[in-house]
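Next comes model_2.csv, with CSV, C-alpha atoms and all ligand atoms.
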chain,number,residue,atom,x,y,z
A,1,MET,CA,6.6,-6.4,27.1
A,2,LYS,CA,5.0,-4.7,24.0
A,3,ILE,CA,7.2,-2.1,22.4
A,4,ASP,CA,6.1,0.7,20.0
A,5,PHE,CA,8.4,1.3,17.0
A,6,ALA,CA,7.8,5.0,16.5
A,7,ASN,CA,5.6,5.8,19.5
A,8,LEU,CA,3.6,8.7,17.8
A,9,GLN,CA,0.9,8.3,20.3
A,10,HIS,CA,3.2,9.2,23.2
A,11,GLN,CA,4.4,12.3,21.3
A,12,HIS,CA,0.8,13.4,20.6
A,13,ASN,CA,-0.1,13.0,24.2
A,14,LEU,CA,2.9,15.2,25.3
A,15,TYR,CA,1.9,18.2,23.1
A,16,LYS,CA,-1.8,17.3,22.8
A,17,GLU,CA,-3.4,20.6,24.0
A,18,GLU,CA,-1.2,22.9,21.9
A,19,ILE,CA,-1.4,20.8,18.8
A,20,GLU,CA,-5.2,20.2,19.0
A,21,GLU,CA,-5.7,24.0,19.6
A,22,ALA,CA,-3.5,24.8,16.6
A,23,ILE,CA,-5.5,22.5,14.4
A,24,LEU,CA,-8.8,23.9,15.7
A,25,LYS,CA,-7.6,27.4,15.0
A,26,VAL,CA,-7.1,26.6,11.3
A,27,ALA,CA,-10.5,24.9,11.2
A,28,ARG,CA,-12.2,28.0,12.8
A,29,ASN,CA,-10.4,30.4,10.4
A,30,CYS,CA,-10.9,28.2,7.4
A,31,ASN,CA,-7.6,29.3,5.9
A,32,PHE,CA,-6.9,25.8,4.8
A,33,ILE,CA,-4.6,26.6,1.9
A,34,MET,CA,-1.5,28.8,2.3
A,35,GLY,CA,-2.7,30.3,5.6
A,36,ASN,CA,-0.5,32.4,7.8
A,37,GLU,CA,0.8,29.2,9.6
A,38,VAL,CA,2.6,28.3,6.4
A,39,GLN,CA,4.6,31.5,6.2
A,40,GLU,CA,5.2,31.2,10.0
A,41,LEU,CA,6.6,27.7,9.6
A,42,GLU,CA,8.9,28.7,6.7
A,43,LYS,CA,10.4,31.4,8.7
A,44,SER,CA,11.0,29.1,11.7
A,45,LEU,CA,12.5,26.5,9.4
A,46,GLU,CA,14.9,29.0,8.0
A,47,GLU,CA,15.9,30.0,11.5
A,48,PHE,CA,16.3,26.4,12.7
A,49,THR,CA,18.3,25.2,9.7
A,50,GLY,CA,20.3,28.2,8.8
A,51,ALA,CA,19.3,27.9,5.2
A,52,LYS,CA,18.4,31.3,3.7
A,53,TYR,CA,15.2,30.0,2.1
A,54,ALA,CA,12.8,27.3,3.2
A,55,VAL,CA,9.9,26.4,0.9
A,56,SER,CA,7.3,24.1,2.4
A,57,CYS,CA,5.6,21.6,0.1
A,58,SER,CA,3.3,18.6,0.0
A,59,ASN,CA,5.8,15.8,0.9
A,60,GLY,CA,9.4,14.6,0.6
A,61,THR,CA,8.8,13.1,-2.8
A,62,ASP,CA,7.5,16.4,-4.3
A,63,ALA,CA,10.3,18.2,-2.6
A,64,LEU,CA,12.7,16.1,-4.7
A,65,LEU,CA,10.7,16.9,-7.8
A,66,LEU,CA,10.6,20.6,-7.1
A,67,ALA,CA,14.4,20.6,-6.6
A,68,MET,CA,15.1,18.9,-9.9
A,69,MET,CA,12.5,20.9,-11.8
A,70,ALA,CA,14.0,24.1,-10.4
A,71,LEU,CA,17.4,23.0,-11.7
A,72,GLY,CA,15.9,22.2,-15.1
A,73,ILE,CA,16.6,18.4,-14.9
A,74,GLY,CA,14.7,16.4,-17.5
A,75,VAL,CA,15.0,14.1,-20.5
A,76,GLY,CA,18.6,13.3,-21.6
A,77,ASP,CA,20.1,14.2,-18.2
A,78,GLU,CA,21.7,11.8,-15.7
A,79,VAL,CA,21.5,12.1,-12.0
A,80,ILE,CA,23.8,10.1,-9.7
A,81,THR,CA,22.5,8.6,-6.5
A,82,THR,CA,22.6,5.6,-4.2
A,83,PRO,CA,20.7,2.4,-4.8
A,84,PHE,CA,20.3,1.9,-1.0
A,85,THR,CA,17.5,4.4,-0.3
A,86,PHE,CA,13.8,4.7,-0.4
A,87,ILE,CA,12.3,4.5,-3.9
A,88,ALA,CA,11.4,8.2,-4.0
A,89,THR,CA,15.0,9.3,-4.4
A,90,ALA,CA,15.4,7.6,-7.8
A,91,GLU,CA,11.7,7.4,-8.8
A,92,THR,CA,11.6,11.2,-9.1
A,93,ILE,CA,14.6,11.3,-11.3
A,94,ALA,CA,13.0,8.8,-13.7
A,95,PHE,CA,9.6,10.5,-13.4
A,96,LEU,CA,11.1,13.7,-14.8
A,97,GLY,CA,12.5,11.7,-17.8
A,98,ALA,CA,16.1,11.8,-16.6
A,99,THR,CA,18.2,8.7,-15.9
A,100,PRO,CA,19.1,7.5,-12.4
A,101,VAL,CA,22.8,6.5,-12.3
A,102,PHE,CA,23.6,4.4,-9.2
A,103,VAL,CA,26.8,4.4,-7.2
A,104,ASP,CA,27.4,1.9,-4.4
A,105,ILE,CA,27.5,2.8,-0.7
A,106,ASP,CA,30.1,3.0,1.9
A,107,GLU,CA,30.1,-0.2,4.0
A,108,LYS,CA,30.2,1.7,7.3
A,109,THR,CA,27.8,4.6,6.9
A,110,TYR,CA,25.6,3.1,4.2
A,111,ASN,CA,25.7,6.5,2.4
A,112,ILE,CA,26.9,7.0,-1.1
A,113,ASP,CA,30.6,6.2,-1.5
A,114,PRO,CA,32.3,9.3,-2.9
A,115,SER,CA,35.3,7.4,-4.1
A,116,LYS,CA,33.0,5.7,-6.6
A,117,ILE,CA,31.2,8.8,-7.9
A,118,GLU,CA,33.8,10.0,-10.4
A,119,ALA,CA,33.6,6.9,-12.5
A,120,ALA,CA,29.9,7.5,-12.9
A,121,ILE,CA,30.1,11.1,-14.2
A,122,THR,CA,29.5,11.8,-17.9
A,123,PRO,CA,28.9,15.0,-19.8
A,124,LYS,CA,25.2,14.3,-19.2
A,125,THR,CA,25.5,14.4,-15.4
A,126,LYS,CA,23.4,17.2,-14.0
A,127,ALA,CA,23.2,16.4,-10.3
A,128,ILE,CA,24.3,14.2,-7.5
A,129,ILE,CA,21.7,13.3,-4.9
A,130,PRO,CA,23.4,12.1,-1.7
A,131,VAL,CA,20.8,10.7,0.8
A,132,SER,CA,21.4,11.3,4.5
A,133,LEU,CA,20.3,7.7,5.3
A,134,TYR,CA,18.9,7.0,8.7
A,135,GLY,CA,19.6,10.6,9.6
A,136,GLN,CA,23.3,10.9,9.0
A,137,PRO,CA,24.7,13.2,6.2
A,138,ALA,CA,26.9,11.7,3.6
A,139,ASP,CA,30.6,12.7,3.1
A,140,MET,CA,29.7,16.1,1.8
A,141,ASP,CA,33.2,17.6,1.5
A,142,ALA,CA,34.3,14.8,-0.8
A,143,ILE,CA,31.1,15.0,-2.8
A,144,LYS,CA,31.4,18.8,-3.2
A,145,THR,CA,35.0,18.5,-4.3
A,146,ILE,CA,34.0,16.1,-7.0
A,147,ALA,CA,31.0,18.2,-8.1
A,148,ASP,CA,33.1,21.4,-8.2
A,149,LYS,CA,35.9,19.7,-10.1
A,150,TYR,CA,33.6,18.5,-12.9
A,151,SER,CA,31.5,21.7,-12.9
A,152,HIS,CA,34.6,23.7,-13.7
A,153,SER,CA,36.2,21.3,-16.2
A,154,HIS,CA,33.1,21.4,-18.5
A,155,SER,CA,32.2,24.4,-20.5
A,156,LYS,CA,29.3,26.5,-19.1
A,157,PRO,CA,26.4,26.1,-18.6
A,158,HIS,CA,27.4,22.6,-17.4
A,159,LYS,CA,27.2,22.4,-13.7
A,160,ILE,CA,26.8,19.4,-11.4
A,161,SER,CA,24.4,20.4,-8.7
A,162,ILE,CA,24.1,18.7,-5.3
A,163,ILE,CA,20.6,17.9,-4.0
A,164,ILE,CA,20.6,16.5,-0.6
A,165,ASP,CA,17.8,14.1,0.1
A,166,GLY,CA,17.3,14.9,3.7
A,167,ALA,CA,14.0,13.2,4.1
A,168,GLN,CA,15.3,11.2,7.1
A,169,SER,CA,17.8,13.8,8.5
A,170,PHE,CA,16.0,17.0,9.4
A,171,GLY,CA,18.2,18.7,12.1
A,172,SER,CA,21.4,16.6,11.4
A,173,THR,CA,24.6,18.5,10.9
A,174,TYR,CA,27.9,18.2,9.0
A,175,ASN,CA,30.8,20.2,10.4
A,176,GLY,CA,28.2,22.2,12.4
A,177,ILE,CA,26.0,23.1,9.4
A,178,THR,CA,22.5,21.5,9.1
A,179,ASP,CA,22.2,19.3,6.1
A,180,SER,CA,19.3,21.5,5.0
A,181,ALA,CA,21.8,24.3,4.4
A,182,LEU,CA,24.5,22.2,2.7
A,183,GLY,CA,23.2,21.4,-0.8
A,184,ASP,CA,22.5,23.6,-3.8
A,185,ILE,CA,19.1,22.4,-2.7
A,186,SER,CA,18.2,20.2,0.2
A,187,THR,CA,14.9,18.4,0.8
A,188,THR,CA,13.1,16.9,3.8
A,189,SER,CA,10.0,15.0,4.6
A,190,PHE,CA,7.6,15.6,7.4
A,191,PHE,CA,5.9,12.2,7.0
A,192,PRO,CA,4.5,11.3,10.5
A,193,ALA,CA,7.2,8.7,11.3
A,194,LYS,CA,10.1,11.0,10.3
A,195,PRO,CA,12.1,12.6,13.1
A,196,LEU,CA,10.0,15.8,12.7
A,197,GLY,CA,6.6,14.5,11.5
A,198,CYS,CA,3.3,16.2,10.8
A,199,TYR,CA,-0.1,14.7,10.9
A,200,GLY,CA,-0.3,13.7,7.3
A,201,ASP,CA,2.0,14.4,4.4
A,202,GLY,CA,4.4,17.3,4.3
A,203,GLY,CA,7.9,18.3,3.2
A,204,ALA,CA,10.2,21.2,2.4
A,205,VAL,CA,13.0,22.3,0.2
A,206,PHE,CA,15.8,24.5,1.3
A,207,THR,CA,18.4,26.6,-0.6
A,208,ASN,CA,20.6,29.6,-0.1
A,209,ASP,CA,19.9,30.7,-3.7
A,210,GLU,CA,17.2,33.3,-4.1
A,211,GLU,CA,16.5,32.5,-7.7
A,212,LEU,CA,16.0,28.8,-7.0
A,213,ALA,CA,13.9,29.6,-4.0
A,214,ASN,CA,11.5,31.8,-6.0
A,215,LYS,CA,11.3,29.2,-8.8
A,216,MET,CA,10.4,26.5,-6.3
A,217,LYS,CA,7.8,28.7,-4.7
A,218,SER,CA,6.3,29.2,-8.1
A,219,LEU,CA,6.6,25.5,-9.2
A,220,ARG,CA,4.7,24.3,-6.1
A,221,LEU,CA,1.8,26.6,-7.2
A,222,HIS,CA,1.4,25.3,-10.8
A,223,GLY,CA,4.3,27.5,-12.0
A,224,GLN,CA,2.4,30.6,-11.5
A,225,THR,CA,4.0,34.0,-10.9
A,226,LYS,CA,0.7,35.7,-10.3
A,227,ARG,CA,-2.8,34.3,-10.1
A,228,TYR,CA,-3.6,32.4,-13.3
A,229,HIS,CA,-0.4,33.5,-15.0
A,230,HIS,CA,1.9,30.5,-15.4
A,231,LYS,CA,5.6,30.9,-16.2
A,232,TYR,CA,6.6,27.3,-15.7
A,233,ILE,CA,5.0,23.9,-16.0
A,234,GLY,CA,4.6,23.3,-12.2
A,235,MET,CA,2.6,21.2,-9.8
A,236,GLY,CA,0.1,21.3,-7.0
A,237,GLY,CA,2.7,20.9,-4.3
A,238,ARG,CA,1.6,23.1,-1.3
A,239,LEU,CA,1.7,22.1,2.3
A,240,ASP,CA,-1.7,22.2,4.0
A,241,THR,CA,-2.2,24.9,6.6
A,242,ILE,CA,-3.2,22.3,9.2
A,243,GLN,CA,0.1,20.5,8.7
A,244,ALA,CA,2.0,23.7,9.1
A,245,ALA,CA,0.1,24.5,12.3
A,246,VAL,CA,1.1,21.1,13.7
A,247,LEU,CA,4.7,21.6,12.7
A,248,ASN,CA,4.8,25.0,14.3
A,249,VAL,CA,4.1,23.4,17.6
A,250,LYS,CA,6.4,20.4,17.2
A,251,LEU,CA,9.4,22.4,15.8
A,252,LYS,CA,9.5,24.3,19.2
A,253,TYR,CA,10.2,21.0,21.0
A,254,TYR,CA,12.3,19.5,18.2
A,255,PRO,CA,15.8,20.2,19.7
A,256,LYS,CA,14.8,18.2,22.7
A,257,ASP,CA,13.5,15.4,20.6
A,258,LEU,CA,16.8,15.3,18.7
A,259,ALA,CA,18.8,15.2,22.0
A,260,LEU,CA,16.6,12.3,23.2
A,261,ARG,CA,17.0,10.4,20.0
A,262,GLN,CA,20.8,10.8,20.4
A,263,GLU,CA,20.6,9.5,24.0
A,264,VAL,CA,18.6,6.5,22.9
A,265,ALA,CA,21.1,5.7,20.1
A,266,ASP,CA,24.0,6.0,22.5
A,267,LYS,CA,22.3,3.7,25.0
A,268,TYR,CA,21.7,1.1,22.3
A,269,SER,CA,25.3,1.3,21.1
A,270,VAL,CA,26.8,1.1,24.5
A,271,SER,CA,24.5,-1.8,25.5
A,272,LEU,CA,25.1,-3.7,22.3
A,273,SER,CA,28.8,-3.3,22.2
A,274,GLY,CA,29.1,-4.5,25.7
A,275,GLN,CA,27.8,-7.9,24.7
A,276,CYS,CA,30.5,-10.2,23.4
A,277,GLU,CA,27.9,-12.8,22.4
A,278,LEU,CA,26.7,-10.3,19.8
A,279,LYS,CA,29.6,-10.8,17.4
A,280,ASN,CA,27.2,-11.1,14.5
A,281,ILE,CA,25.8,-7.6,15.1
A,282,ILE,CA,27.3,-4.4,13.7
A,283,THR,CA,26.1,-1.2,15.3
A,284,PRO,CA,25.7,2.1,13.3
A,285,ALA,CA,28.9,4.1,12.6
A,286,LEU,CA,28.7,7.9,13.0
A,287,THR,CA,31.5,9.8,11.3
A,288,PRO,CA,33.2,12.3,13.7
A,289,HIS,CA,32.1,15.6,12.2
A,290,THR,CA,28.4,14.6,11.7
A,291,THR,CA,25.4,14.5,14.0
A,292,SER,CA,22.5,12.3,13.1
A,293,ALA,CA,18.8,12.9,13.4
A,294,TRP,CA,18.5,9.2,14.1
A,295,ALA,CA,15.4,8.6,12.0
A,296,GLN,CA,16.4,4.9,12.4
A,297,TYR,CA,18.7,3.0,14.6
A,298,SER,CA,19.7,0.2,12.2
A,299,ILE,CA,22.0,-2.7,13.0
A,300,ARG,CA,23.5,-5.3,10.6
A,301,VAL,CA,22.9,-8.9,11.4
A,302,LYS,CA,25.7,-10.6,9.6
A,303,SER,CA,24.8,-13.6,7.5
A,304,ASP,CA,27.1,-16.6,6.9
A,305,HIS,CA,26.3,-16.3,3.2
A,306,VAL,CA,28.1,-13.0,2.9
A,307,HIS,CA,29.9,-12.5,-0.4
A,308,THR,CA,28.3,-15.6,-1.9
A,309,SER,CA,24.7,-15.6,-3.2
A,310,HIS,CA,21.5,-14.0,-1.8
A,311,PRO,CA,20.3,-16.1,1.1
A,312,HIS,CA,16.6,-17.0,0.8
A,313,SER,CA,16.2,-16.5,4.5
A,314,SER,CA,18.9,-14.6,6.2
A,315,ARG,CA,19.8,-14.6,9.9
A,316,ARG,CA,18.3,-11.2,10.0
A,317,ASP,CA,14.9,-12.5,8.8
A,318,GLU,CA,14.9,-15.2,11.4
A,319,LEU,CA,15.9,-12.7,14.1
A,320,GLN,CA,13.0,-10.4,13.1
A,321,GLU,CA,10.6,-13.2,13.5
A,322,LYS,CA,11.9,-14.1,17.0
A,323,LEU,CA,11.8,-10.5,18.1
A,324,LYS,CA,8.3,-10.1,16.9
A,325,GLU,CA,7.2,-13.1,19.1
A,326,GLN,CA,8.7,-11.2,22.0
A,327,GLY,CA,6.7,-8.0,21.3
A,328,ILE,CA,9.7,-6.2,19.7
A,329,PRO,CA,8.8,-4.6,16.3
A,330,THR,CA,11.6,-4.2,13.8
A,331,ALA,CA,11.7,-3.0,10.2
A,332,VAL,CA,14.0,-3.3,7.2
A,333,HIS,CA,15.1,-0.1,5.5
A,334,TYR,CA,15.5,-1.4,2.8
A,335,PRO,CA,15.2,-5.1,1.7
A,336,MET,CA,15.9,-4.6,-2.0
A,337,PRO,CA,18.3,-2.1,-3.5
A,338,LEU,CA,16.9,0.1,-6.2
A,339,HIS,CA,18.9,-1.3,-9.1
A,340,LEU,CA,17.2,-4.7,-8.6
A,341,GLN,CA,13.7,-3.2,-8.5
A,342,GLU,CA,11.4,-4.3,-11.3
A,343,CYS,CA,10.5,-0.7,-12.2
A,344,PHE,CA,14.2,0.0,-13.0
A,345,THR,CA,14.8,-3.1,-15.2
A,346,TYR,CA,15.1,-0.8,-18.2
A,347,LEU,CA,18.2,0.7,-16.7
A,348,GLY,CA,20.0,-2.6,-17.4
A,349,TYR,CA,21.6,-3.2,-14.0
A,350,LYS,CA,22.0,-6.7,-12.6
A,351,LYS,CA,22.7,-8.5,-9.4
A,352,GLY,CA,26.3,-8.0,-8.4
A,353,ASP,CA,26.6,-4.5,-9.8
A,354,PHE,CA,26.5,-2.8,-6.3
A,355,PRO,CA,27.7,-5.5,-3.9
A,356,ILE,CA,27.8,-3.5,-0.7
A,357,SER,CA,24.2,-2.3,-1.2
A,358,GLU,CA,23.1,-5.9,-1.9
A,359,ILE,CA,24.8,-7.3,1.2
A,360,VAL,CA,23.6,-4.6,3.5
A,361,SER,CA,20.0,-5.0,2.2
A,362,ASP,CA,20.2,-8.6,3.3
A,363,GLU,CA,21.5,-7.8,6.8
A,364,ILE,CA,20.1,-4.5,7.9
A,365,MET,CA,17.4,-4.2,10.5
A,366,SER,CA,16.0,-1.2,12.3
A,367,LEU,CA,15.2,-1.4,16.0
A,368,PRO,CA,12.5,0.6,17.7
A,369,MET,CA,13.6,4.3,17.6
A,370,ASN,CA,11.9,7.4,18.9
A,371,PRO,CA,12.7,9.9,21.6
A,372,TYR,CA,10.8,7.9,24.3
A,373,VAL,CA,12.4,4.5,24.2
A,374,THR,CA,13.0,3.6,27.9
A,375,ASP,CA,16.1,2.1,29.5
A,376,GLU,CA,14.0,-0.9,30.4
A,377,GLU,CA,12.9,-1.3,26.8
A,378,ILE,CA,16.5,-1.1,25.5
A,379,GLY,CA,17.6,-3.7,28.1
A,380,TYR,CA,14.7,-6.0,27.0
A,381,ILE,CA,15.5,-5.6,23.3
A,382,VAL,CA,19.3,-6.1,23.7
A,383,GLY,CA,18.6,-9.0,26.0
A,384,ASN,CA,16.5,-10.7,23.3
A,385,LEU,CA,19.2,-10.0,20.7
A,386,GLN,CA,21.6,-12.1,22.7
A,387,HIS,CA,19.6,-15.2,22.2
A,388,ILE,CA,20.3,-15.5,18.5
A,401,LIG,C1,15.2,8.9,1.6
A,401,LIG,C2,13.8,9.3,1.4
A,401,LIG,N1,13.5,10.1,0.3
A,401,LIG,C3,12.3,10.5,0.1
A,401,LIG,C4,11.2,10.2,0.8
A,401,LIG,C5,9.9,10.6,0.5
A,401,LIG,O1,9.2,11.4,1.4
A,401,LIG,P1,7.6,11.4,1.5
A,401,LIG,O2,7.2,10.1,2.0
A,401,LIG,O3,7.3,12.5,2.4
A,401,LIG,O4,7.1,11.7,0.1
A,401,LIG,C6,11.4,9.3,2.0
A,401,LIG,C7,10.3,8.9,2.8
A,401,LIG,O5,10.2,7.9,3.3
A,401,LIG,C8,12.7,8.9,2.2
A,401,LIG,O6,13.0,8.1,3.3
Output the file's structure as structure tokens, nothing else.
Ligand SMILES: Cc1ncc(COP(=O)(O)O)c(C=O)c1O
Amino acid sequence: MKIDFANLQHQHNLYKEEIEEAILKVARNCNFIMGNEVQELEKSLEEFTGAKYAVSCSNGTDALLLAMMALGIGVGDEVITTPFTFIATAETIAFLGATPVFVDIDEKTYNIDPSKIEAAITPKTKAIIPVSLYGQPADMDAIKTIADKYSHSHSKPHKISIIIDGAQSFGSTYNGITDSALGDISTTSFFPAKPLGCYGDGGAVFTNDEELANKMKSLRLHGQTKRYHHKYIGMGGRLDTIQAAVLNVKLKYYPKDLALRQEVADKYSVSLSGQCELKNIITPALTPHTTSAWAQYSIRVKSDHVHTSHPHSSRRDELQEKLKEQGIPTAVHYPMPLHLQECFTYLGYKKGDFPISEIVSDEIMSLPMNPYVTDEEIGYIVGNLQHI
């Protein structure tokens, strides 16, 4: 059997006529930049997420930049985030001249551990960026309580803002609210392999604050307030009309995709937990008041070396090889926590500083995940996992 990890081809085939027609329409109209499809998409995104304002942009990385630029984050500021995320979360903090301050993750959800945030707050802390890793929002009540406590205890204008990096979690909810509507600003990515993907790069920022929304709209257009009049130092951060046209079609079907992803995740979990041979495998933990967009279904393959040193080749690595031989693609999100990345050497962190992130990086492995994984495929994958 040969299994596809994200199965983008299947999805294209499903909506082929509509998507190709939408792309052709943009080509015929030649409204490639900020065409009507972009405004149409933003309106639909607002309706879908419940956020008052949705501002589309070039990708999920620029979305983070726009969010921090709108909040005036820059040199001398500190921004707290998790080291167990994609590089963009922390890279953008550093790119703006601010300092990423890492806080370890919760061992069950792999999201930032709120109980460790307070110790990292200083008078320079401007924002906290929780990442909704693999699609599941972090413990937002606890994070908001901390941000509020410190915002009020410092003299104004000190405020600790919350920016949710929702690149992997579009459509997820926390206490019934989408994570796009939860932060002071939330971001997402429409990278093709994301739960809602376009046909190239794309992203969006969300906020309930009109002032921030207007500033981000301006910042994505070189900081202009009217043509060739520039109030801010901004960037070229627009979403292409063609990408908006694709997203307008795909967003209509997205609730169904989310439900199918949930079904696939449930089937994996039931199937895996029914196997007593799989004592070395830990399935994903969803906290009760959250729903996940299931960008990834990531399991932990426990190593014997846990709590000692980094293994050179973990049980996870060996398993990945074996699965590959059986036609089962897997991926590791992510093999090295950010505090150990070469580009962040200057921050002065060392191995051992964030032990949970380090252990999970050695053990995590994502199984094929998309709305179309079949029962037969799940059976085949789980069957092969038993032979480790
Ligand atoms: C957590 C996280 N943040 C940010 C990004 C950046 O998004 P993009 O690739 O659209 O720039 C990604 C994408 O992989 C991500 O997973």
Neighbours of ligand LIG 401 (chain A) at 7 Å or closer, counting only C-alpha atoms and all ligand atoms: which residues, as a PyMOL selection string? chain A and resi 59-62+85-86+88-89+131+133+165-168+189-191+201-203
Using all atoms listed in the file, pick whichever of A:Lys159, A:Glu325, A:Ala193, A:Pro114 has the shortest atom-to-atom distance to Ile146 of chain A.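 That would be A:Pro114, the residue with the smallest distance to Ile146 of chain A.
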Closest to Gly74 of chain A among A:Lys144, A:Lys231, A:Lys279, A:Lys126, using all atoms listed in the file?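 When distances to Gly74 of chain A are compared using all atoms listed in the file, the smallest one comes from A:Lys126.
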Segment 290-302 of chain A: which residues within 6 Å, counting all atoms listed in the file, same-chain residues fewer than 6 positions away excluded, as a list in words? Tyr134, Gly135, Gln136, Gln168, Ser169, Gly171, Ser172, Thr173, Tyr174, Pro195, Asn280, Ile281, Ile282, Thr283, Arg316, Glu363, Ile364, Met365, Ser366, Leu367 and Met369 of chain A
Which residue, A:Asn370, A:Gln341, A:Asn214, A:Asn248, has the smallest gap to Gln262 of chain A when you use all atoms listed in the file?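 Looking only at the distances to Gln262 of chain A, the closest residue turns out to be A:Asn370.
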Can you list, as a PDB file with C-alpha atoms, keeping the file's coordinate frame, every protein, DNA or RNA residue that comes within 12 Å of Leu247 of chain A when you count only C-alpha atoms, leaving out same-chain residues fewer than 2 positions away?
ATOM      1  CA  TYR A  15       1.900  18.200  23.100  1.00  0.00           C
ATOM      2  CA  GLU A  18      -1.200  22.900  21.900  1.00  0.00           C
ATOM      3  CA  ILE A  19      -1.400  20.800  18.800  1.00  0.00           C
ATOM      4  CA  GLU A  20      -5.200  20.200  19.000  1.00  0.00           C
ATOM      5  CA  ALA A  22      -3.500  24.800  16.600  1.00  0.00           C
ATOM      6  CA  ILE A  23      -5.500  22.500  14.400  1.00  0.00           C
ATOM      7  CA  GLU A  37       0.800  29.200   9.600  1.00  0.00           C
ATOM      8  CA  VAL A  38       2.600  28.300   6.400  1.00  0.00           C
ATOM      9  CA  GLN A  39       4.600  31.500   6.200  1.00  0.00           C
ATOM     10  CA  GLU A  40       5.200  31.200  10.000  1.00  0.00           C
ATOM     11  CA  LEU A  41       6.600  27.700   9.600  1.00  0.00           C
ATOM     12  CA  GLU A  42       8.900  28.700   6.700  1.00  0.00           C
ATOM     13  CA  SER A  44      11.000  29.100  11.700  1.00  0.00           C
ATOM     14  CA  LEU A  45      12.500  26.500   9.400  1.00  0.00           C
ATOM     15  CA  SER A  56       7.300  24.100   2.400  1.00  0.00           C
ATOM     16  CA  SER A 189      10.000  15.000   4.600  1.00  0.00           C
ATOM     17  CA  PHE A 190       7.600  15.600   7.400  1.00  0.00           C
ATOM     18  CA  PHE A 191       5.900  12.200   7.000  1.00  0.00           C
ATOM     19  CA  PRO A 192       4.500  11.300  10.500  1.00  0.00           C
ATOM     20  CA  PRO A 195      12.100  12.600  13.100  1.00  0.00           C
ATOM     21  CA  LEU A 196      10.000  15.800  12.700  1.00  0.00           C
ATOM     22  CA  GLY A 197       6.600  14.500  11.500  1.00  0.00           C
ATOM     23  CA  CYS A 198       3.300  16.200  10.800  1.00  0.00           C
ATOM     24  CA  TYR A 199      -0.100  14.700  10.900  1.00  0.00           C
ATOM     25  CA  GLY A 200      -0.300  13.700   7.300  1.00  0.00           C
ATOM     26  CA  ASP A 201       2.000  14.400   4.400  1.00  0.00           C
ATOM     27  CA  GLY A 202       4.400  17.300   4.300  1.00  0.00           C
ATOM     28  CA  GLY A 203       7.900  18.300   3.200  1.00  0.00           C
ATOM     29  CA  ALA A 204      10.200  21.200   2.400  1.00  0.00           C
ATOM     30  CA  LEU A 239       1.700  22.100   2.300  1.00  0.00           C
ATOM     31  CA  ASP A 240      -1.700  22.200   4.000  1.00  0.00           C
ATOM     32  CA  THR A 241      -2.200  24.900   6.600  1.00  0.00           C
ATOM     33  CA  ILE A 242      -3.200  22.300   9.200  1.00  0.00           C
ATOM     34  CA  GLN A 243       0.100  20.500   8.700  1.00  0.00           C
ATOM     35  CA  ALA A 244       2.000  23.700   9.100  1.00  0.00           C
ATOM     36  CA  ALA A 245       0.100  24.500  12.300  1.00  0.00           C
ATOM     37  CA  VAL A 249       4.100  23.400  17.600  1.00  0.00           C
ATOM     38  CA  LYS A 250       6.400  20.400  17.200  1.00  0.00           C
ATOM     39  CA  LEU A 251       9.400  22.400  15.800  1.00  0.00           C
ATOM     40  CA  LYS A 252       9.500  24.300  19.200  1.00  0.00           C
ATOM     41  CA  TYR A 253      10.200  21.000  21.000  1.00  0.00           C
ATOM     42  CA  TYR A 254      12.300  19.500  18.200  1.00  0.00           C
TER      43      TYR A 254
END
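Atom pair atom CA of Gly183 of chain A / atom CA of Pro123 of chain A has a distance of 20.8 Å (rounded to one decimal).
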Each residue of segment 51-154 of chain A with at least one atom at most 12 Å from segment 29-35 of chain A should appear once, together with its nearest atom pair and the corresponding distance in Å (one decimal); atoms considered: only C-alpha atoms; ordering: chain, then increasing residue number; output as JSON lines.
{"residue": "A:Val55", "atom": "CA", "partner": "A:Met34", "partner_atom": "CA", "distance": 11.7}
{"residue": "A:Ser56", "atom": "CA", "partner": "A:Met34", "partner_atom": "CA", "distance": 10.0}
{"residue": "A:Cys57", "atom": "CA", "partner": "A:Met34", "partner_atom": "CA", "distance": 10.3}
{"residue": "A:Ser58", "atom": "CA", "partner": "A:Ile33", "partner_atom": "CA", "distance": 11.4}
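For the pair atom CA of Ile117 of chain A and atom CA of Val103 of chain A, the interatomic distance is 6.3 Å.
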May I ask for the distance between atom CA of Gly72 of chain A and atom CA of Lys226 of chain A, given in Å to one decimal place? 20.9 Å
A:Ile128, A:Val264, A:Met1, A:Ala98: which is nearest Thr374 of chain A, counting all atoms listed in the file?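 Under the stated criterion, the closest residue is A:Val264.
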Got a sec: who's within 10 Å of Glu107 of chain A, counting all atoms listed in the file, leaving out chain neighbours fewer than 2 positions off, as a ChimeraX atom specification? /A:104-105,109-113,285,355-357,359-360
Considering only C-alpha atoms, state which residue in the set A:Arg220, A:His158, A:Arg28, A:Lys108 is at the smallest distance from Ala67 of chain A.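 Counting only C-alpha atoms, the residue closest to Ala67 of chain A is A:Arg220.
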Name the residues in contact with Gly223 of chain A at a cut-off of 7 Å, using all atoms listed in the file, excluding same-chain residues fewer than 2 positions from it; report them as number ranges by chain. A: 218-221, 225, 230-235
Select, from A:Met216, A:Leu71, A:His339, A:Ala259, the residue with the minimum atom-to-atom distance to Asp353 of chain A, counting all atoms listed in the file. A:His339
